[in-house]
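K.L.:
Can you read through this structure? Questions will come right after.
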Amino acid sequence: MRFILPLCIAGVSFFVACNNNAPSSTPVKEDTIAATSPPAAKPAPLRSEAVLPDSSTAFINSSDSAFVLLPHPIHLKSGLSLSLNIPEGYNISVAAEGLNRLRFMSKSPDGRLFATDMHDINDNRKGRLYVFDGWDDSTHRFKKVYTYLDSLHNPNQVAFYHYKGRDLIYVAETGRLGYYEYHAGDTVAAGKPVVIAEFPDYGLSYKYGGWHLTRSLAFHEGRLYVSVGSSCNACIETENVRATVLSMNPDGSDKKFFATGLRNSVGIKWVGNQLWVTCMGRDLIGPDKPEDLFLRVDSGVVYNWPYYVPYEGRYLPDQKMQDTARMRHIPVPPPPPVAFCGFKAHSAPLGFDYFKGFEDARLDRAFLVALHGSTTVSRQRGNAIVKIIGGNRYTDVVNGFLTGKEEKDRKGRPCDVLMVDHRSFFFTDDYKGVLYYVWRERP
């Protein structure tokens with residue numbers, strides 16, 4: 001059976017209206033999700049940046065001791081040489097290379113590594129899903145890389161789930177979410193996908209900071225959670241599916257809004273009973289505002305976009321957007337809880353992982369986040385793997401990708417992080433198409 005994600009009120013079409021007077025997007029017809037409107041705002045008090053959201057975040061290792069980072073030379077087959085700085089006592093290798101926009105990773109039920117590849121920055125249908133196989137523990141490289149799927153439309157993330165006696169692999173593309181049946185050892189997908197949701201696959205061009213093309217996935221307690229970014233840089237959306245995190249059953253039924261007001265949460269992950277996301281702030285209001293965020297997302301909360309600008313542990317009103325809302329008789333929600341961590345503007349946080357049971361006490365119970373970096377290299381923001389401390393504090397764990405203020409000085413852009421075992425982790429670089437492996441050396 002084919003399950004379709006409804007997109008707007010039945011029988012009614014809308015045009016996206018943006019405050020920057022950018023061209024309107026093509027109208028699209030949609031239904032309501034689970035016959036409900038987006039959740040109403042839950043009033044929440046502002047909190048000091050120095051205070052954790054609540055006592056349940058006590059499981060987070062937020063020690064602020066900096067790592068001693070030492071340089072390690074990297075030589076790629078493309079001819080590029082660089083030096084990456086990693087913690088003392090660790091080593092790094094190129095686990096796979098020669099790929100394109102290598103994005104998010106996921107482990108299969110039989111313990112293999114899968115990763116998406118979005119090919120290039122344009123809206124395209126040349127994306128791939130790889131499976132890495134034949135790990136060589138002496139060289140710390142994979143011997144084989146299979147193309148599990150190709151001709152995908154901006155694939156960002158996959159997720160595995162055991163449902164009704166079958167292992168399934170869910171593949172999130174811009175316009176649709178579907179699954180395939182998965183069997184241990186598969187090197188190519190079997191059959192056609194069962195499509196359980198469809199999403200808007202158009203939007204404003206990158207020129208306006210919009211058209212967020214990625215869809216991200218996370219399972220929790222029998223429900224599938226999907227992040228859908230906004231259509232624009234800053235606007236009042238007319239398609240209520242935009243700038244949200246949705247919840248649904250594994251077959252796509254019973255679709256509901258989990259949270260709204262999230263401009264573009266590219267990374268989402270459940271840790272215990274808490275959903276954590278990375279969130280990129282809007283553009284075109286200067287080099288230092290708004291901050292990008294790492295925050296816990298709670299059910300029913302309306303978050304800051306597009307009505308507030310996060311800055312230095314508080315929310316400032318986006319006056320233009322609030323005035324627009326009032327002119328249209330749209331209620332402006334109260335400011336949400338302050339995020340657990342704010343990053344410098346244009347750092348572009350993407351994937352992350354929670355390191356549980358890691359041998360190094362400095363990283364055990366810690367969040368590591370990939371900062372993709374600003375498209376404007378001269379800002380020198382991001383381009384590193386960082387450990388979250390809290391407030392507006394974080395510390396580098398891997399850096400060295402950016403050596404100057406020009407595009408030629410950028411040697412990579414971290415995208416995702418995945419803990420492998422108690423002493424190692426992978427991270428992806430979607431700029432040079434490289435999979436890196438970092439491990440702690442034995443005493």
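Ordering of the structure tokens sets the chain letters (A, B, ...), residue numbers begin anew at 1 in every chain, and ligands are numbered from 1 in the order given.
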Please give the complete set of residues from stretch 136-309 of chain A that DSSP, run on the backbone, assigns to strand (DSSP E), formatted as number ranges by chain.

P.N.:
A: 136, 141-152, 157-163, 166-172, 176-181, 194-198, 215-220, 223-228, 235-236, 244-248, 256-260, 268-271, 274-279, 292-297, 308-309

K.L.:
Need to verify the contact set: A:Tyr307, 12 Å, only C-alpha atoms, exclusion of same-chain residues closer than 2 positions in sequence. Can you return it as a ChimeraX atom specification?

P.N.:
/A:19,234-237,261-263,281-282,290,302-305,309-310,315-326,330-336

K.L.:
Determine, counting only C-alpha atoms, which protein, DNA and RNA residues have an atom within 8 Å of an atom of A:Met280; residues of the same chain fewer than 3 positions away are not included. Present the result as a VMD selection string.

P.N.:
chain A and resid 263 to 265 291 to 293 346 348 to 349

K.L.:
Can you check which residues of stretch 285-376 of chain A DSSP gives as alpha helix (DSSP H) on the backbone and send them as a list in words?

P.N.:
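In stretch 285-376 of chain A, DSSP puts these residues in alpha helix (DSSP H): Gln319, Lys320, Met321, Gln322, Asp323, Thr324, Ala325, Arg326 and Met327 of chain A.
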
K.L.:
Mind checking which residues fall within 6 Å of stretch 242-256 of chain A, counting only C-alpha atoms, ignoring those fewer than 4 positions away in the same chain, and posting them as a list in words?

P.N.:
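So the residues in contact are Phe3, Ile33, Ala34, Ile196, Arg223, Leu224, Tyr225, Val226, Ser227, Val228, Gly229, Ser230, Thr260, Gly261, Leu262 and Arg263 of chain A.
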
K.L.:
As a PyMOL selection string, please: the residues near A:Gly373 (cut-off 9 Å, only C-alpha atoms, same-chain neighbours under 2 positions excluded).

P.N.:
chain A and resi 346-349+370-371+375-377+379-384+413-414

K.L.:
Using the selection just defined, write its residues with C-alpha atoms as a short mmCIF file (atom, residue, chain, number, x, y, z; two decimals), in the first residue's frame.

P.N.:
```cif
data_model
loop_
_atom_site.label_atom_id
_atom_site.label_comp_id
_atom_site.auth_asym_id
_atom_site.auth_seq_id
_atom_site.Cartn_x
_atom_site.Cartn_y
_atom_site.Cartn_z
CA HIS A 346 27.14 30.31 10.15
CA SER A 347 28.95 27.39 11.80
CA ALA A 348 26.31 25.11 10.20
CA PRO A 349 26.00 22.16 12.63
CA ALA A 370 30.10 18.08 12.90
CA LEU A 371 30.29 21.79 12.07
CA THR A 375 29.78 29.06 2.71
CA THR A 376 31.71 32.32 3.15
CA VAL A 377 35.16 30.98 3.99
CA ARG A 379 34.21 34.07 8.26
CA GLN A 380 36.30 31.06 9.40
CA ARG A 381 33.38 29.39 11.12
CA GLY A 382 32.94 25.69 11.71
CA ASN A 383 34.86 23.14 9.60
CA ALA A 384 35.53 21.01 12.69
CA ARG A 413 33.69 20.10 5.46
CA PRO A 414 32.69 17.63 8.21
#
```

K.L.:
Using only C-alpha atoms, pick whichever of A:Arg141, A:Arg365, A:Arg314, A:Lys289 has the shortest atom-to-atom distance to A:Val271.

P.N.:
A:Arg365

K.L.:
Would you mind listing what lies within 6 Å of A:Gly175 as a PyMOL selection string, with only C-alpha atoms counted and same-chain residues fewer than 6 positions away left out?

P.N.:
chain A and resi 198-201

K.L.:
Once you have the residues from the selection above, write them out as a PDB file, in the first residue's frame, restricted to C-alpha atoms.

P.N.:
```
ATOM      1  CA  GLU A 198       5.811  12.560   0.126  1.00  0.00           C
ATOM      2  CA  PHE A 199       7.205  16.040   0.786  1.00  0.00           C
ATOM      3  CA  PRO A 200       7.520  19.315  -1.122  1.00  0.00           C
ATOM      4  CA  ASP A 201      10.416  18.978  -3.559  1.00  0.00           C
TER       5      ASP A 201
END
```

K.L.:
Considering only C-alpha atoms, can you say which of A:Ser63, A:Arg423, A:Lys432, A:Tyr437 comes closest to A:Ser78?

P.N.:
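Among A:Ser63, A:Arg423, A:Lys432, A:Tyr437, it is A:Lys432 that comes nearest to A:Ser78.
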
K.L.:
Which of these, A:Asp123, A:Asp110, A:Asp137, A:Asp288, has the shortest distance to A:Tyr182 once you count only C-alpha atoms?

P.N.:
A:Asp110

K.L.:
Please provide the set of residues having any atom within 6 Å of A:Asp117, restricted to only C-alpha atoms, with same-chain residues fewer than 2 positions apart removed, written as number ranges by chain.

P.N.:
A: 101-103, 119, 127-128

K.L.:
Kindly indicate which residue among A:Asp186, A:Asp283, A:Asp430, A:Asp64 lies nearest to A:Gly111, using only C-alpha atoms for the distances.

P.N.:
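Nearest to A:Gly111: A:Asp186.
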
K.L.:
My list of candidates is A:Val145, A:Val434, A:Leu80, A:Met419. Which is closest to A:Gly98 when distances are computed with only C-alpha atoms?

P.N.:
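Of the candidates, the smallest distance to A:Gly98 is held by A:Val434.
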
K.L.:
Ranking A:Lys356, A:Val398, A:Lys107, A:Thr187 by minimum distance to A:Ala159 and counting only C-alpha atoms, which one comes first?

P.N.:
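Using only C-alpha atoms, the shortest distance to A:Ala159 belongs to A:Lys107.
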
K.L.:
At what distance in Å, to one decimal, does atom CA of A:Leu177 lie from atom CA of A:Leu217?

P.N.:
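Between these atoms lies a distance of 9.6 Å.
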